[in-house]
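So this one's coords_2.cif, mmCIF, C-alpha atoms and all ligand atoms:
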data_upload
#
loop_
_atom_site.label_atom_id
_atom_site.label_comp_id
_atom_site.auth_asym_id
_atom_site.auth_seq_id
_atom_site.Cartn_x
_atom_site.Cartn_y
_atom_site.Cartn_z
CA PRO K 22 2.03 12.18 -37.06
CA SER K 23 4.98 14.34 -36.07
CA SER K 24 2.93 17.49 -35.37
CA ILE K 25 -0.57 18.65 -34.56
CA LYS K 26 -1.02 19.98 -38.08
CA ASP K 27 -0.01 16.61 -39.60
CA ALA K 28 -2.51 14.81 -37.38
CA TYR K 29 -5.41 17.09 -38.33
CA GLY K 30 -4.24 17.86 -41.86
CA ALA K 31 -4.64 14.14 -42.56
CA LEU K 32 -8.30 14.60 -41.58
CA GLY K 33 -8.71 17.54 -43.95
CA MET K 34 -8.89 20.34 -41.41
CA ASN K 35 -6.72 23.15 -40.11
CA ALA K 36 -4.94 22.97 -36.75
CA GLY K 37 -5.02 26.35 -35.03
CA VAL K 38 -3.67 28.08 -31.96
CA ALA K 39 -4.47 31.39 -30.26
CA ILE K 40 -1.45 33.67 -29.96
CA ASP K 41 -0.55 37.28 -29.37
CA THR K 42 2.57 39.30 -30.08
CA ARG K 43 4.34 37.66 -27.11
CA GLU K 44 4.56 34.45 -29.15
CA VAL K 45 5.72 36.27 -32.28
CA GLY K 46 8.46 37.94 -30.22
CA ASN K 47 9.70 34.71 -28.61
CA ASP K 48 11.77 32.29 -30.72
CA ALA K 49 10.92 29.17 -28.75
CA ALA K 50 7.18 29.88 -28.88
CA LYS K 51 7.41 30.77 -32.56
CA GLN K 52 9.11 27.46 -33.38
CA VAL K 53 6.38 25.51 -31.59
CA VAL K 54 3.69 27.44 -33.47
CA LEU K 55 5.31 26.95 -36.88
CA LYS K 56 6.07 23.27 -36.36
CA ASN K 57 2.65 22.36 -35.03
CA PHE K 58 -0.03 24.61 -36.43
CA ASN K 59 -1.15 25.95 -39.80
CA GLN K 60 -3.65 28.48 -38.48
CA ILE K 61 -3.72 31.17 -35.80
CA THR K 62 -6.39 33.14 -33.98
CA ALA K 63 -5.56 36.48 -32.37
CA GLU K 64 -6.29 35.76 -28.70
CA ASN K 65 -7.17 39.43 -28.11
CA ASP K 66 -5.74 41.78 -30.70
CA MET K 67 -8.57 41.87 -33.25
CA LYS K 68 -11.40 42.40 -30.75
CA PRO K 69 -13.61 45.43 -31.48
CA GLU K 70 -12.18 47.82 -28.84
CA TYR K 71 -8.63 47.63 -30.21
CA TRP K 72 -9.56 49.15 -33.59
CA TYR K 73 -10.39 52.56 -32.03
CA ASN K 74 -8.32 55.21 -30.33
CA ASP K 75 -9.58 57.51 -27.56
CA ALA K 76 -11.02 59.87 -30.18
CA HIS K 77 -13.05 56.92 -31.57
CA GLU K 78 -10.99 56.96 -34.78
CA PHE K 79 -10.61 53.66 -36.59
CA SER K 80 -7.31 52.05 -37.60
CA MET K 81 -5.82 48.57 -37.63
CA PRO K 82 -4.27 47.77 -34.24
CA GLU K 83 -0.45 47.49 -34.50
CA ASN K 84 -0.53 44.14 -32.69
CA ALA K 85 -3.11 42.78 -35.13
CA LYS K 86 -0.92 43.94 -38.01
CA THR K 87 2.07 42.14 -36.48
CA LEU K 88 0.09 38.90 -36.09
CA LEU K 89 -1.35 39.05 -39.59
CA HIS K 90 2.09 39.68 -41.12
CA PHE K 91 3.50 36.78 -39.09
CA ALA K 92 0.77 34.56 -40.55
CA ALA K 93 1.13 35.86 -44.10
CA ASP K 94 4.93 35.53 -44.05
CA ASN K 95 4.78 31.96 -42.76
CA GLY K 96 1.88 30.58 -44.76
CA LEU K 97 -0.48 30.30 -41.78
CA ALA K 98 -4.23 30.75 -42.18
CA VAL K 99 -5.92 33.24 -39.85
CA TYR K 100 -9.22 32.56 -38.10
CA GLY K 101 -10.45 36.10 -37.37
CA HIS K 102 -11.80 36.87 -33.88
CA VAL K 103 -14.18 38.75 -33.50
CA LEU K 104 -16.64 41.18 -35.16
CA ALA K 105 -19.74 41.37 -32.94
CA TRP K 106 -19.42 40.64 -29.22
CA HIS K 107 -20.98 41.97 -26.01
CA SER K 108 -17.52 42.21 -24.42
CA GLN K 109 -14.42 44.25 -25.31
CA THR K 110 -16.46 46.59 -27.46
CA PRO K 111 -16.05 50.33 -26.86
CA ASP K 112 -18.69 51.80 -24.54
CA TRP K 113 -19.48 54.57 -26.99
CA PHE K 114 -20.83 52.00 -29.48
CA PHE K 115 -23.86 51.64 -27.23
CA GLN K 116 -24.54 55.34 -26.57
CA ALA K 117 -26.87 57.66 -28.49
CA ASP K 118 -24.24 60.38 -28.28
CA GLU K 119 -20.92 58.62 -28.77
CA ASN K 120 -19.12 61.47 -27.00
CA CYS K 121 -21.16 60.96 -23.86
CA ALA K 122 -18.95 57.99 -23.00
CA ASP K 123 -15.23 57.67 -22.81
CA GLN K 124 -13.83 54.53 -24.33
CA ASN K 125 -14.01 51.74 -21.80
CA PRO K 126 -13.49 48.02 -22.35
CA THR K 127 -16.66 47.12 -20.48
CA ALA K 128 -19.80 47.76 -22.46
CA GLY K 129 -22.46 49.04 -20.16
CA VAL K 130 -25.09 51.55 -19.32
CA ILE K 131 -23.52 54.88 -18.38
CA GLU K 132 -25.28 57.21 -16.01
CA GLY K 133 -26.38 60.35 -17.80
CA CYS K 134 -25.98 58.86 -21.29
CA ALA K 135 -28.95 57.68 -23.37
CA LEU K 136 -28.57 54.36 -25.13
CA ALA K 137 -28.18 54.24 -28.91
CA SER K 138 -31.13 53.46 -31.16
CA LYS K 139 -31.30 50.24 -33.13
CA ASP K 140 -30.49 52.09 -36.37
CA GLN K 141 -27.44 53.69 -34.79
CA MET K 142 -26.17 50.36 -33.50
CA LEU K 143 -26.64 48.58 -36.81
CA GLU K 144 -24.95 51.42 -38.69
CA ARG K 145 -22.00 51.36 -36.26
CA GLU K 146 -21.68 47.62 -36.75
CA ARG K 147 -21.90 47.97 -40.53
CA ALA K 148 -19.20 50.63 -40.52
CA HIS K 149 -17.05 48.54 -38.16
CA ILE K 150 -17.22 45.46 -40.38
CA GLU K 151 -16.60 47.45 -43.56
CA ASN K 152 -13.64 49.24 -41.95
CA VAL K 153 -12.12 45.97 -40.70
CA ALA K 154 -12.52 44.39 -44.15
CA LYS K 155 -11.09 47.43 -45.93
CA ALA K 156 -8.13 47.83 -43.54
CA ILE K 157 -7.15 44.18 -43.93
CA ALA K 158 -7.60 44.27 -47.73
CA ASP K 159 -5.54 47.49 -47.97
CA GLU K 160 -2.66 45.89 -46.06
CA PHE K 161 -2.82 42.28 -47.32
CA GLY K 162 -4.71 42.33 -50.60
CA LYS K 163 -8.28 41.31 -51.14
CA PHE K 164 -9.77 38.32 -49.30
CA GLY K 165 -9.02 35.16 -51.24
CA SER K 166 -5.86 36.58 -52.83
CA ASP K 167 -2.57 34.73 -52.15
CA THR K 168 -1.34 37.46 -49.80
CA ASN K 169 -4.40 37.71 -47.53
CA PRO K 170 -4.25 35.06 -44.76
CA ILE K 171 -7.82 35.41 -43.43
CA LYS K 172 -9.80 32.23 -44.12
CA ALA K 173 -12.52 32.37 -41.45
CA PHE K 174 -14.05 34.83 -39.00
CA ASP K 175 -16.05 34.67 -35.78
CA VAL K 176 -18.75 37.09 -36.88
CA VAL K 177 -20.81 36.87 -33.70
CA ASN K 178 -19.61 35.49 -30.41
CA GLU K 179 -21.37 34.35 -27.22
CA THR K 180 -24.94 35.38 -28.02
CA ILE K 181 -26.60 32.59 -26.05
CA ASN K 182 -27.65 32.96 -22.42
CA ASP K 183 -25.89 30.78 -19.84
CA GLY K 184 -29.11 29.78 -18.10
CA ASP K 185 -32.64 29.10 -19.19
CA SER K 186 -34.28 32.43 -20.17
CA PRO K 187 -37.64 32.22 -21.95
CA GLU K 188 -38.02 35.99 -21.49
CA THR K 189 -35.16 36.57 -23.95
CA ASN K 190 -35.87 33.51 -26.06
CA GLY K 191 -32.66 31.94 -24.72
CA MET K 192 -30.51 34.87 -25.80
CA ARG K 193 -27.91 36.69 -23.69
CA ASN K 194 -29.50 39.91 -22.47
CA SER K 195 -26.60 42.08 -23.67
CA LEU K 196 -26.93 45.67 -24.79
CA TRP K 197 -26.72 44.40 -28.36
CA TYR K 198 -29.76 42.24 -27.67
CA GLN K 199 -31.62 44.87 -25.65
CA ILE K 200 -31.24 47.45 -28.40
CA THR K 201 -31.58 45.38 -31.59
CA GLY K 202 -33.09 42.03 -30.60
CA GLU K 203 -31.57 39.35 -32.82
CA ASP K 204 -31.16 41.77 -35.72
CA TYR K 205 -27.52 42.47 -34.87
CA ILE K 206 -26.78 38.81 -35.49
CA ASP K 207 -28.51 38.66 -38.88
CA LYS K 208 -27.07 42.01 -39.94
CA SER K 209 -23.52 41.25 -38.81
CA PHE K 210 -23.53 38.17 -41.01
CA GLU K 211 -25.04 40.11 -43.92
CA TYR K 212 -22.38 42.81 -43.61
CA ALA K 213 -19.54 40.30 -43.18
CA ASN K 214 -20.72 38.43 -46.25
CA GLN K 215 -21.14 41.63 -48.22
CA TYR K 216 -17.67 42.98 -47.41
CA LEU K 217 -15.40 39.96 -46.74
CA ASN K 218 -16.92 37.75 -49.41
CA GLY K 219 -18.07 40.49 -51.79
CA GLU K 220 -16.78 44.01 -52.07
CA TYR K 221 -13.29 43.27 -50.62
CA ALA K 222 -12.95 39.75 -52.07
CA GLU K 223 -10.58 38.88 -54.89
CA PRO K 224 -12.53 38.85 -58.17
CA GLY K 225 -13.08 35.28 -59.34
CA VAL K 226 -12.61 33.76 -55.87
CA THR K 227 -15.90 32.48 -54.50
CA HIS K 228 -16.59 32.95 -50.80
CA PRO K 229 -13.02 33.11 -49.47
CA VAL K 230 -13.95 33.62 -45.80
CA THR K 231 -15.97 31.06 -43.82
CA LEU K 232 -18.31 32.96 -41.48
CA PHE K 233 -18.85 31.49 -38.00
CA ILE K 234 -21.15 31.92 -35.07
CA ASN K 235 -19.31 30.89 -31.91
CA ASP K 236 -20.24 30.01 -28.32
CA TYR K 237 -19.11 28.17 -25.20
CA ASN K 238 -20.52 25.39 -22.98
CA THR K 239 -22.11 23.60 -25.92
CA ASP K 240 -21.38 20.40 -24.00
CA SER K 241 -24.15 21.39 -21.55
CA ALA K 242 -27.60 20.33 -22.67
CA GLY K 243 -29.39 23.58 -21.87
CA LYS K 244 -26.93 25.83 -23.65
CA LEU K 245 -26.75 23.46 -26.61
CA GLY K 246 -30.53 23.51 -26.94
CA ARG K 247 -30.68 27.31 -26.87
CA TYR K 248 -27.83 27.52 -29.42
CA GLN K 249 -29.59 24.99 -31.64
CA SER K 250 -32.83 26.99 -31.48
CA LEU K 251 -31.07 30.18 -32.51
CA ILE K 252 -29.35 28.41 -35.39
CA LYS K 253 -32.70 27.05 -36.57
CA ARG K 254 -34.04 30.60 -36.62
CA LEU K 255 -30.99 31.86 -38.53
CA VAL K 256 -31.47 29.12 -41.13
CA GLU K 257 -35.18 29.95 -41.43
CA ARG K 258 -34.31 33.62 -41.96
CA ASN K 259 -31.68 32.73 -44.60
CA VAL K 260 -28.92 34.45 -42.63
CA PRO K 261 -25.65 33.99 -44.57
CA PHE K 262 -23.56 32.10 -41.99
CA ASP K 263 -21.36 29.14 -42.86
CA GLY K 264 -20.18 27.59 -39.65
CA ILE K 265 -20.98 26.71 -36.05
CA GLY K 266 -18.20 27.20 -33.49
CA HIS K 267 -17.76 25.38 -30.19
CA GLN K 268 -15.26 27.10 -27.89
CA MET K 269 -14.71 24.03 -25.64
CA HIS K 270 -13.19 25.54 -22.51
CA ILE K 271 -13.55 22.28 -20.62
CA GLN K 272 -12.01 20.19 -17.83
CA LEU K 273 -11.18 16.59 -16.97
CA THR K 274 -14.62 16.23 -15.39
CA THR K 275 -16.37 17.20 -18.64
CA SER K 276 -18.33 14.34 -20.17
CA THR K 277 -16.78 13.53 -23.54
CA ALA K 278 -20.12 11.98 -24.50
CA ASN K 279 -21.60 15.48 -24.14
CA VAL K 280 -18.83 16.92 -26.31
CA GLU K 281 -19.59 14.36 -28.98
CA ASN K 282 -23.31 15.04 -28.61
CA ALA K 283 -22.75 18.78 -29.22
CA LEU K 284 -20.93 18.09 -32.49
CA GLU K 285 -23.36 15.40 -33.59
CA THR K 286 -26.41 17.55 -32.78
CA MET K 287 -25.10 20.51 -34.74
CA SER K 288 -24.08 18.34 -37.70
CA ALA K 289 -27.76 18.14 -38.65
CA PHE K 290 -27.58 21.70 -40.00
CA GLY K 291 -25.12 20.68 -42.73
CA LYS K 292 -22.88 23.67 -41.96
CA LYS K 293 -19.14 23.78 -41.27
CA GLN K 294 -18.13 23.26 -37.64
CA ALA K 295 -15.05 24.24 -35.66
CA ILE K 296 -13.63 23.74 -32.20
CA THR K 297 -12.42 27.27 -31.73
CA GLU K 298 -10.86 27.67 -28.26
CA LEU K 299 -10.00 24.26 -26.81
CA ASP K 300 -8.37 23.99 -23.41
CA VAL K 301 -8.79 21.26 -20.78
CA ALA K 302 -8.05 22.27 -17.19
CA THR K 303 -6.77 19.50 -14.90
CA GLY K 304 -7.86 21.07 -11.62
CA THR K 305 -5.29 21.71 -8.91
CA PRO K 306 -2.87 20.59 -7.66
CA VAL K 307 -1.41 19.56 -11.02
CA THR K 308 0.19 16.13 -10.54
CA GLN K 309 1.93 13.80 -12.98
CA ALA K 310 -1.09 11.49 -12.73
CA LYS K 311 -3.38 14.38 -13.67
CA LEU K 312 -1.20 15.22 -16.66
CA VAL K 313 -1.48 11.64 -17.89
CA GLU K 314 -5.23 11.70 -17.34
CA GLN K 315 -5.27 14.93 -19.35
CA GLY K 316 -3.37 13.10 -22.12
CA GLN K 317 -6.11 10.48 -22.15
CA PHE K 318 -8.74 13.20 -22.31
CA TYR K 319 -7.04 14.92 -25.25
CA TYR K 320 -6.76 11.50 -26.93
CA LYS K 321 -10.52 11.09 -26.55
CA MET K 322 -11.00 14.54 -28.10
CA ASN K 323 -8.81 13.43 -31.01
CA GLN K 324 -10.94 10.31 -31.47
CA ILE K 325 -14.21 12.25 -31.35
CA ILE K 326 -12.96 14.78 -33.89
CA LYS K 327 -11.73 11.99 -36.16
CA GLU K 328 -15.00 10.06 -35.99
CA GLN K 329 -17.09 13.18 -36.52
CA GLN K 330 -14.95 14.23 -39.46
CA GLU K 331 -15.14 10.80 -41.08
CA LYS K 332 -18.90 10.82 -40.61
CA HIS K 333 -19.82 14.40 -41.56
CA HIS K 334 -16.77 16.07 -43.18
CA GLN K 335 -17.77 19.39 -41.59
CA PHE K 336 -14.71 20.42 -39.59
CA PHE K 337 -13.05 23.61 -40.72
CA SER K 338 -10.49 23.58 -37.92
CA VAL K 339 -9.68 22.69 -34.35
CA SER K 340 -7.83 25.36 -32.35
CA VAL K 341 -6.24 25.30 -28.92
CA TRP K 342 -6.53 28.48 -26.85
CA GLY K 343 -2.84 29.21 -26.32
CA VAL K 344 0.57 27.59 -26.82
CA ASN K 345 1.86 26.89 -23.31
CA ASP K 346 0.27 26.54 -19.89
CA GLY K 347 1.75 29.68 -18.36
CA ARG K 348 0.18 31.80 -21.07
CA SER K 349 -3.30 30.34 -20.66
CA TRP K 350 -6.16 32.44 -19.27
CA ARG K 351 -7.05 29.30 -17.24
CA ASN K 352 -3.61 28.40 -15.91
CA SER K 353 -4.82 28.73 -12.31
CA GLU K 354 -7.39 25.97 -12.99
CA GLY K 355 -4.56 23.58 -13.86
CA ALA K 356 -2.21 23.35 -16.86
CA PRO K 357 -4.83 23.36 -19.67
CA LEU K 358 -2.71 23.29 -22.84
CA LEU K 359 -0.48 20.98 -24.91
CA PHE K 360 2.95 22.40 -24.02
CA ASN K 361 4.57 23.29 -20.70
CA ASP K 362 6.43 26.50 -20.01
CA GLU K 363 9.68 25.03 -21.35
CA TYR K 364 7.75 24.43 -24.59
CA GLN K 365 8.00 20.69 -24.10
CA ALA K 366 5.16 18.52 -25.34
CA LYS K 367 3.00 17.21 -22.50
CA PRO K 368 1.03 13.95 -22.49
CA ALA K 369 -1.80 16.23 -23.68
CA TYR K 370 0.13 16.75 -26.92
CA THR K 371 0.76 13.02 -27.35
CA GLY K 372 -2.92 12.27 -26.83
CA PHE K 373 -4.05 15.07 -29.09
CA ILE K 374 -2.03 13.76 -32.05
CA GLY K 375 -3.83 10.44 -31.57
CA ASP K 376 -1.13 8.41 -29.79
CA LYS K 377 -2.57 6.65 -26.73
CA ASP K 378 0.36 4.29 -26.17
CA ASN K 379 3.02 6.84 -25.21
CA LEU K 380 1.23 9.12 -22.74
O1 LIG K 401 -2.48 43.75 -22.16
C1 LIG K 401 -2.81 44.13 -20.82
C2 LIG K 401 -1.60 44.49 -20.03
O2 LIG K 401 -1.01 45.62 -20.60
C3 LIG K 401 -2.02 44.74 -18.58
O3 LIG K 401 -0.90 44.99 -17.80
C4 LIG K 401 -2.76 43.54 -18.03
C5 LIG K 401 -3.26 43.78 -16.61
O4 LIG K 401 -4.44 43.07 -16.33
O5 LIG K 401 -3.86 43.28 -18.83
C6 LIG K 401 -3.52 42.95 -20.17
O6 LIG K 401 -4.69 42.70 -20.89
C7 LIG K 401 -5.33 41.46 -20.60
C8 LIG K 401 -5.39 40.64 -21.89
O7 LIG K 401 -6.14 39.47 -21.66
C9 LIG K 401 -4.00 40.24 -22.39
O8 LIG K 401 -3.37 39.38 -21.48
C10 LIG K 401 -6.73 41.77 -20.12
O9 LIG K 401 -6.66 42.39 -18.85
C11 LIG K 401 -7.53 40.50 -20.00
O10 LIG K 401 -8.88 40.82 -19.71
C12 LIG K 401 -7.48 39.75 -21.30
O11 LIG K 401 -8.17 38.52 -21.13
C13 LIG K 401 -8.58 37.89 -22.30
C14 LIG K 401 -10.08 37.66 -22.26
O12 LIG K 401 -10.49 36.97 -23.43
C15 LIG K 401 -10.82 39.00 -22.20
O13 LIG K 401 -12.13 38.89 -22.60
C16 LIG K 401 -7.86 36.56 -22.43
O14 LIG K 401 -6.46 36.81 -22.64
C17 LIG K 401 -8.41 35.77 -23.61
O15 LIG K 401 -7.89 34.46 -23.60
C18 LIG K 401 -9.93 35.67 -23.50
O16 LIG K 401 -10.41 35.00 -24.63
C19 LIG K 401 -11.82 34.73 -24.64
C20 LIG K 401 -12.28 34.78 -26.08
O17 LIG K 401 -11.96 36.02 -26.65
C21 LIG K 401 -13.77 34.50 -26.20
N1 LIG K 401 -14.12 33.26 -25.55
C22 LIG K 401 -13.68 33.13 -24.18
C23 LIG K 401 -12.18 33.37 -24.06
C24 LIG K 401 -11.72 33.17 -22.65
O18 LIG K 401 -12.27 34.14 -21.79
#
Just give me the structure of the file as structure tokens.
Ligand code: G3I
Amino acid sequence: PSSIKDAYGALGMNAGVAIDTREVGNDAAKQVVLKNFNQITAENDMKPEYWYNDAHEFSMPENAKTLLHFAADNGLAVYGHVLAWHSQTPDWFFQADENCADQNPTAGVIEGCALASKDQMLERERAHIENVAKAIADEFGKFGSDTNPIKAFDVVNETINDGDSPETNGMRNSLWYQITGEDYIDKSFEYANQYLNGEYAEPGVTHPVTLFINDYNTDSAGKLGRYQSLIKRLVERNVPFDGIGHQMHIQLTTSTANVENALETMSAFGKKQAITELDVATGTPVTQAKLVEQGQFYYKMNQIIKEQQEKHHQFFSVSVWGVNDGRSWRNSEGAPLLFNDEYQAKPAYTGFIGDKDNL
């Protein structure tokens, strides 16, 4: 294969990358994106907080608009990120009186402000999801039409607790969870399905947007088990979700057997799966030997994805979390991505397209 998208296109799945407007505004980065990927995720620009101004008024963020137009103009699919999350959601979402809190990127309890009721929270989430769907459909046409690039969405993100927590049934004890229990998860999927795949979907196109739940550390047994239990409950409650996401922020010391086990375990649900945010930190210092080892690791990832896809045909996409090392949120942990800062392909790239002989 002569690109990432060729390598994974041959397996019947999209090859994605997280970007922001810095990539769209940089010719070298843009060329790498267009040559190698057929899908993008907005690394930050579609997160809940960015859709509101200081007066809590809703509108599409300019940066999100730029990214979506870049995708639409270049025939890239968009994997939307994210509708319901405990982080980067305006503080006022969680308050009984929304004016009691100024907008603040860190959701939390505010002294002197009473928390919202469950009904308030669910109505705010419903309105948020409808507004996002409507704003995108107004600008790009209905979901499933030729001009609308959105093909998937992280509907809920990072709902599982990092450690064992029987007292919350394994769930992250976020304000979403404290106020609504698991209802925000069920309802977010119901609303996303109603708006993205219903009211704002192109007539005659069935289910244009694949709806994902997404989480990290699924390669660790405890987290995987808690995630699996939640998914069982969602299936039992007939929650309309389509896919299971694995972020995969991992490192050279990660057991690839555990990665494979996460995908194999989740395959039993018969849903779509995606690797949504892949990066593999080398540790520091970054040496040439480490970069080759990283190439071998990315090759192993390629092999696991290939085997899983041949076995289960469930992969929607695999996405890397950034184009080049210097732009990665984990750069200080050691060069995690496929390209260096001169936009040259690293051994990681060679491994990830499935070539183990030229690392
Ligand atoms: O844009 C501002 C800039 O104006 C300001 O000068 C600068 C100073 O700190 O901050 C910039 O914003 C930063 C933004 O990234 C863009 O670079 C934020 O501080 C920083 O918090 C933000 O970090 C992002 C992080 O999510 C926040 O939650 C990372 O880029 C992004 O990669 C990361 O992505 C998350 C996924 O959404 C969910 N899964 C985990 C993943 C990694 O944490």
Give me the residues within 8 Å of stretch 255-265 of chain K as a VMD selection string, counting only C-alpha atoms and dropping any in the same chain fewer than 6 places off.
chain K and resid 207 210 to 211 214 231 to 235 287 292 to 295
Contacts of K:Thr189 within 12 Å, all atoms listed in the file, excl. fewer than 6 positions in-chain, as a PyMOL selection string:
chain K and resi 180-183+195+198-199+202-203+247+251
Kindly compute an axis-aligned box around the listed atoms of ligand LIG 401 (chain K), allowing 4 Å on each side, and express its centre and edge lengths in Å to one decimal as AutoDock Vina command-line options.
--center_x -7.5 --center_y 39.4 --center_z -21.5 --size_x 21.2 --size_y 20.5 --size_z 18.3
Which value, in Å to one decimal, gives the distance between atom CA of K:Gln330 and atom CA of K:Pro368?
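Spanning atom CA of K:Gln330 to atom CA of K:Pro368 is a straight-line distance of 23.3 Å.
Atom pair atom CA of K:Ala49 / atom CA of K:Thr87: separated by 17.5 Å.
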Please identify the residues whose atoms come within 10 Å of ligand LIG 401 (chain K), using all atoms listed in the file, and report them as an MDAnalysis selection string.
chainID K and resid 39:41 43 62:68 102:103 106:109 126:127 175 178:179 235:237 267:270 297:300 342:343 348:351
Would you kindly return, as number ranges by chain, each protein, DNA or RNA residue with an atom no farther than 9 Å from any atom of K:Val53, considering only C-alpha atoms and excluding same-chain residues fewer than 3 positions away?
K: 48-50, 56-58, 344, 360, 364
Can you write just those residues out, C-alpha atoms, as a PDB file, keeping the file's coordinate frame?
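Result went into part-v5.pdb, see below:
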ATOM      1  CA  ASP K  48      11.770  32.290 -30.720  1.00  0.00           C
ATOM      2  CA  ALA K  49      10.920  29.170 -28.750  1.00  0.00           C
ATOM      3  CA  ALA K  50       7.180  29.880 -28.880  1.00  0.00           C
ATOM      4  CA  LYS K  56       6.070  23.270 -36.360  1.00  0.00           C
ATOM      5  CA  ASN K  57       2.650  22.360 -35.030  1.00  0.00           C
ATOM      6  CA  PHE K  58      -0.030  24.610 -36.430  1.00  0.00           C
ATOM      7  CA  VAL K 344       0.570  27.590 -26.820  1.00  0.00           C
ATOM      8  CA  PHE K 360       2.950  22.400 -24.020  1.00  0.00           C
ATOM      9  CA  TYR K 364       7.750  24.430 -24.590  1.00  0.00           C
TER      10      TYR K 364
END
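Candidate residues K:Met81, K:Cys121, K:Ala31, K:Val230 were compared for distance to K:Ala173, and the nearest is K:Val230, using only C-alpha atoms.
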When you draw a straight line from atom CA of K:Lys26 to atom CA of K:Asn59, how long is it in Å?
6.2 Å
Write out as JSON, numbers by chain the residues lying within 7 Å of stretch 377-380 of chain K, counting only C-alpha atoms and excluding same-chain residues fewer than 2 positions away.
{"K": [313, 316, 317, 320, 368, 371, 372, 375]}
Which neighbours of stretch 114-118 of chain K fall inside 9 Å, counting all atoms listed in the file, when residues of the same chain fewer than 3 positions from it are skipped, and could you give them as a ChimeraX atom specification?
/K:110-111,121-122,128-131,134-138,141-142,145-146,196-197,200
Nearest residue to K:Lys327 from the set K:Asp112, K:Asp346, K:Glu281, K:Asp75 (distances using all atoms listed in the file):
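So, comparing all the options, the nearest one is K:Glu281.
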Looking at only C-alpha atoms, which of K:Val341, K:Leu55, K:Ala366, K:Val177 is the one that sits closest to K:Asp27?
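Checking each of K:Val341, K:Leu55, K:Ala366, K:Val177 against K:Asp27, counting only C-alpha atoms, the winner is K:Leu55.
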Go through K:Ser80, K:Gln52, K:Asn238, K:Thr277 and flag the residue nearest K:Asp159, using only C-alpha atoms for the distances.
K:Ser80
Once you've located stretch 49-59 of chain K in the structure I gave, write it as a CSV table (one decimal), in the first residue's frame, keeping N, CA, C and O atoms.
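To be explicit, this is the file written out as selection_14.csv:
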chain,number,residue,atom,x,y,z
K,49,ALA,N,1.8,21.6,4.3
K,49,ALA,CA,2.5,20.3,4.4
K,49,ALA,C,1.6,19.3,5.2
K,49,ALA,O,1.5,18.1,4.8
K,50,ALA,N,1.0,19.8,6.3
K,50,ALA,CA,0.2,18.9,7.1
K,50,ALA,C,-1.0,18.4,6.2
K,50,ALA,O,-1.4,17.3,6.3
K,51,LYS,N,-1.6,19.4,5.5
K,51,LYS,CA,-2.8,19.1,4.7
K,51,LYS,C,-2.5,18.0,3.6
K,51,LYS,O,-3.3,17.1,3.4
K,52,GLN,N,-1.3,18.1,3.0
K,52,GLN,CA,-0.9,17.1,2.0
K,52,GLN,C,-0.8,15.7,2.7
K,52,GLN,O,-1.3,14.7,2.1
K,53,VAL,N,-0.2,15.6,3.8
K,53,VAL,CA,-0.1,14.4,4.5
K,53,VAL,C,-1.5,13.8,4.8
K,53,VAL,O,-1.8,12.6,4.7
K,54,VAL,N,-2.4,14.7,5.3
K,54,VAL,CA,-3.8,14.2,5.6
K,54,VAL,C,-4.5,13.7,4.4
K,54,VAL,O,-5.0,12.6,4.4
K,55,LEU,N,-4.4,14.5,3.3
K,55,LEU,CA,-5.1,14.1,2.1
K,55,LEU,C,-4.6,12.8,1.4
K,55,LEU,O,-5.3,12.0,0.9
K,56,LYS,N,-3.3,12.7,1.5
K,56,LYS,CA,-2.7,11.5,0.9
K,56,LYS,C,-3.0,10.2,1.7
K,56,LYS,O,-3.2,9.2,1.1
K,57,ASN,N,-3.0,10.4,3.0
K,57,ASN,CA,-3.0,9.2,3.9
K,57,ASN,C,-4.3,8.8,4.5
K,57,ASN,O,-4.5,7.6,4.9
K,58,PHE,N,-5.3,9.7,4.6
K,58,PHE,CA,-6.5,9.4,5.4
K,58,PHE,C,-7.7,9.7,4.6
K,58,PHE,O,-7.7,10.6,3.7
K,59,ASN,N,-8.8,9.0,4.9
K,59,ASN,CA,-10.1,9.3,4.3
K,59,ASN,C,-11.2,9.7,5.3
K,59,ASN,O,-12.3,9.7,5.0
